[in-house]
Amino acid sequence: MAAAAAARMVSVAGSSTVASSSCLLLKAPFALKHGRNALSFNNGRRLSKRLFSCNAIYNPQVQIKHEGQPETLDYRVFFEDTSGKKISPWHDIPLHLGDGVFNFIVEIPKESSAKMEVATDEPYTPIKQDTKKGKLRYYPYNINWNYGLLPQTWEDPSLANSEVEGAFGDNDPVDVVEIGETRRKIGDILKVKPLAALAMIDEGELDWKIVAISLDDPRASLVNDVDDVEKHFPGTLTAIRDWFRDYKIPDGKPANKFGLGNKAANKVCTDFVSFSPIPIVPISFFLLGFLPALDDEQEYALKVITETNESWAKLVKRSIPAGELSLA
């Protein structure tokens with residue numbers, strides 16, 4: 001296992017160029033083809049290294065394989081490439097699709113209560129139902145939105161966020177709350193655009209919730225920020241915050257807290273008077289020691305995504321100890 005992980009170390013593409021958007025980490029086993037299903041794996045082959053790319057336009061074709069029966073301890077949802085080889089939804093599905101669009105992997109469909117999650121400590125990180133003391137975990141009531149993760153992100157537990165009460169990352173990929181009208185399936189990969197960020201603090205750990213919408217939702221073109229969400233999905237942001245604040249109370253635990261003034265962060269950082277933004281810049285700038293001048297407006301949700309993608313990059317390069325996390 002260690003040898004396999006070592007073979008998948010990240011290298012920096014020497015041809016990377018400076019761009020105004022973030023250069024995010026992608027694995028590059030994909031070929032551009034013509035036709036309706038335009039993107040696929042290179043003849044079913046997988047490359048051994050992940051590369052930096054400034055213009056990430058790739059979206060893999062994957063197959064979902066269910067092993068075991070739902071709502072059992074053995075149930076797993078694996079992801080496979082077109083040749084039938086297992087891949088990791090966390091590590092191998094690209095994050096960035098360009099133009100502010102990202103891949104989102106559904107773990108928990110809306111109007112369900114089984115607490116499904118990517119098994120970050122198992123090979124190929126399949127989706128499974130979480131357990132506690134050997135028993136399957138359920139939320140006390142249904143979640144009202146599609147819920148899941150952004151691939152190729154990681155909330156570093158060794159990194160304290162000075163903007164959110166010094167809370168450390170929760171050692172998981174970044175969570176997404178997708179507010180579209182369609183109930184999705186476990187393992188669905190959706191193209192989403194982020195709308196807002198909620199800084200949940202769960203037992204002292206920072207657990208970002210990116211509020212997003214799938215591009216195929218009928219109202220997707222109407223919403224781009226917090227104000228749009230309030231107009232076209234009135235009460236939704238408050239409902240999301242309250243749901244995640246209170247869901248542990250029936251189990252006798254205290255309510256979760258939220259940073260950033262207990263509100264959803266708008267996409268424009270200047271909404272926060274005391275906020276000191278970190279720019280969204282190519283990751284190669286940081287590797288080379290450059291830091292460009294700050295713009296007056298930086299998109300907060302994209303800032304969170306960029307920073308956690310950079311943390312994931314360090315993780316898969318083994319610049320940060322992985323502990324029990326699987327890098328396969």
# chains A, B, ... in the order shown; residues from 1 in each chain; ligands from 1

call {"tool": "residues_around", "arguments": {"residues": "Val174 (chain A)", "least_positions_apart": "5", "cutoff": "12 Å", "atoms": "only C-alpha atoms", "output": "VMD selection string"}}
result
chain A and resid 90 95 103 to 105 117 to 118 147 to 156 169 197 to 200 206 to 211 301 to 302 304 to 309 311 to 312

call {"tool": "select_by_dssp", "arguments": {"residues": "region 100-285 of chain A", "states": "alpha helix (DSSP H)", "output": "number ranges by chain"}}
result
A: 226-232, 236-246, 283-285

call {"tool": "write_last_selection", "arguments": {"atoms": "N, CA, C and O atoms", "output": "compact mmCIF listing (two decimals), in the first residue's frame"}}
result
# COMPACT_ATOMS: atom_id res chain seq x y z
N VAL A 226 -25.10 35.07 -1.96
CA VAL A 226 -26.02 34.99 -0.83
C VAL A 226 -27.32 35.74 -1.11
O VAL A 226 -28.41 35.25 -0.82
N ASP A 227 -27.20 36.94 -1.66
CA ASP A 227 -28.40 37.74 -1.92
C ASP A 227 -29.34 37.02 -2.89
O ASP A 227 -30.57 37.04 -2.71
N ASP A 228 -28.77 36.38 -3.90
CA ASP A 228 -29.60 35.64 -4.85
C ASP A 228 -30.28 34.45 -4.19
O ASP A 228 -31.45 34.14 -4.47
N VAL A 229 -29.55 33.77 -3.30
CA VAL A 229 -30.14 32.63 -2.60
C VAL A 229 -31.30 33.10 -1.74
O VAL A 229 -32.37 32.47 -1.71
N GLU A 230 -31.13 34.20 -1.05
CA GLU A 230 -32.20 34.72 -0.21
C GLU A 230 -33.42 35.11 -1.05
O GLU A 230 -34.57 34.96 -0.60
N LYS A 231 -33.18 35.58 -2.27
CA LYS A 231 -34.29 36.00 -3.13
C LYS A 231 -35.03 34.81 -3.73
O LYS A 231 -36.27 34.76 -3.72
N HIS A 232 -34.29 33.83 -4.23
CA HIS A 232 -34.91 32.74 -4.98
C HIS A 232 -35.11 31.47 -4.15
O HIS A 232 -35.90 30.61 -4.54
N THR A 236 -33.52 29.52 3.03
CA THR A 236 -32.72 28.30 2.90
C THR A 236 -31.42 28.37 3.70
O THR A 236 -31.03 27.41 4.38
N LEU A 237 -30.72 29.49 3.62
CA LEU A 237 -29.45 29.60 4.33
C LEU A 237 -29.65 29.50 5.84
O LEU A 237 -28.88 28.83 6.54
N THR A 238 -30.69 30.13 6.34
CA THR A 238 -31.00 30.02 7.77
C THR A 238 -31.36 28.59 8.13
O THR A 238 -30.93 28.07 9.17
N ALA A 239 -32.12 27.93 7.27
CA ALA A 239 -32.51 26.54 7.53
C ALA A 239 -31.30 25.61 7.55
O ALA A 239 -31.21 24.70 8.39
N ILE A 240 -30.36 25.83 6.64
CA ILE A 240 -29.14 25.01 6.61
C ILE A 240 -28.35 25.22 7.90
O ILE A 240 -27.91 24.26 8.54
N ARG A 241 -28.15 26.49 8.25
CA ARG A 241 -27.40 26.76 9.48
C ARG A 241 -28.07 26.13 10.69
O ARG A 241 -27.41 25.47 11.52
N ASP A 242 -29.38 26.29 10.80
CA ASP A 242 -30.09 25.76 11.96
C ASP A 242 -30.06 24.23 11.98
O ASP A 242 -29.96 23.62 13.05
N TRP A 243 -30.16 23.60 10.82
CA TRP A 243 -30.14 22.13 10.75
C TRP A 243 -28.81 21.60 11.28
O TRP A 243 -28.78 20.69 12.13
N PHE A 244 -27.72 22.17 10.79
CA PHE A 244 -26.40 21.70 11.22
C PHE A 244 -26.07 22.15 12.63
O PHE A 244 -25.30 21.48 13.32
N ARG A 245 -26.64 23.22 13.07
CA ARG A 245 -26.43 23.65 14.45
C ARG A 245 -27.08 22.69 15.43
O ARG A 245 -26.50 22.36 16.47
N ASP A 246 -28.26 22.17 15.09
CA ASP A 246 -29.09 21.48 16.08
C ASP A 246 -29.13 19.96 15.96
O ASP A 246 -29.70 19.30 16.84
N ILE A 283 -1.32 27.97 -7.65
CA ILE A 283 -0.54 27.36 -6.57
C ILE A 283 0.94 27.43 -6.86
O ILE A 283 1.78 27.46 -5.95
N SER A 284 1.31 27.49 -8.16
CA SER A 284 2.72 27.58 -8.51
C SER A 284 3.34 28.87 -7.98
O SER A 284 4.54 28.94 -7.74
N PHE A 285 2.53 29.92 -7.78
CA PHE A 285 3.05 31.16 -7.21
C PHE A 285 3.60 30.90 -5.82
O PHE A 285 4.65 31.39 -5.44

call {"tool": "select_by_dssp", "arguments": {"residues": "region 71-217 of chain A", "states": "strand (DSSP E or B)", "output": "number ranges by chain"}}
result
A: 76-80, 86-87, 96-98, 101-108, 112-114, 116-118, 127-129, 131-132, 135-136, 138-143, 146-149, 160-161, 167-169, 175-178, 189-202, 205-214

call {"tool": "closest_residue", "arguments": {"among": "A:Ala328, A:Val177, A:Val62, A:Ile93", "to": "Phe79 (chain A)", "atoms": "only C-alpha atoms"}}
result
A:Val62

call {"tool": "closest_residue", "arguments": {"among": "A:Asp92, A:Asp74, A:Glu165, A:Glu203", "to": "Leu260 (chain A)", "atoms": "only C-alpha atoms"}}
result
A:Glu165

call {"tool": "atom_distance", "arguments": {"atom1": "CA of His66 (chain A)", "atom2": "CA of Glu80 (chain A)"}}
result
10.7 Å

call {"tool": "closest_residue", "arguments": {"among": "A:Ser162, A:Thr125, A:Thr182, A:Ser319", "to": "Arg76 (chain A)", "atoms": "only C-alpha atoms"}}
result
A:Thr125

call {"tool": "closest_residue", "arguments": {"among": "A:Asp202, A:Glu324, A:Asp175, A:Glu310", "to": "Gly259 (chain A)", "atoms": "only C-alpha atoms"}}
result
A:Asp202

call {"tool": "residues_around", "arguments": {"residues": "Leu327 (chain A)", "least_positions_apart": "3", "cutoff": "8 Å", "atoms": "only C-alpha atoms", "output": "ChimeraX atom specification"}}
result
/A:5,91,123-124,316,322

call {"tool": "write_last_selection", "arguments": {"atoms": "N, CA, C and O atoms", "output": "compact mmCIF listing (two decimals), in the first residue's frame"}}
result
# COMPACT_ATOMS: atom_id res chain seq x y z
N ALA A 5 0.98 4.22 -2.85
CA ALA A 5 0.78 5.64 -2.55
C ALA A 5 1.97 6.46 -3.01
O ALA A 5 1.82 7.56 -3.54
N HIS A 91 -9.58 11.31 -4.17
CA HIS A 91 -8.30 11.68 -4.76
C HIS A 91 -8.31 11.75 -6.29
O HIS A 91 -7.53 12.52 -6.87
N PRO A 123 -8.81 1.79 1.55
CA PRO A 123 -8.29 1.87 0.17
C PRO A 123 -9.38 2.26 -0.81
O PRO A 123 -10.50 1.76 -0.76
N TYR A 124 -9.05 3.19 -1.69
CA TYR A 124 -9.95 3.72 -2.71
C TYR A 124 -11.11 4.52 -2.13
O TYR A 124 -12.02 4.92 -2.85
N VAL A 316 -1.16 14.65 -0.32
CA VAL A 316 -0.83 13.58 -1.26
C VAL A 316 0.64 13.62 -1.66
O VAL A 316 1.17 12.60 -2.12
N ALA A 322 0.12 11.65 6.76
CA ALA A 322 -1.23 11.23 6.41
C ALA A 322 -1.92 10.52 7.56
O ALA A 322 -3.16 10.41 7.59

call {"tool": "closest_residue", "arguments": {"among": "A:Ile127, A:Leu190, A:Ala196, A:Ile213", "to": "Gly68 (chain A)", "atoms": "only C-alpha atoms"}}
result
A:Ile127

call {"tool": "atom_distance", "arguments": {"atom1": "CA of Asn144 (chain A)", "atom2": "CA of Ile64 (chain A)"}}
result
23.8 Å
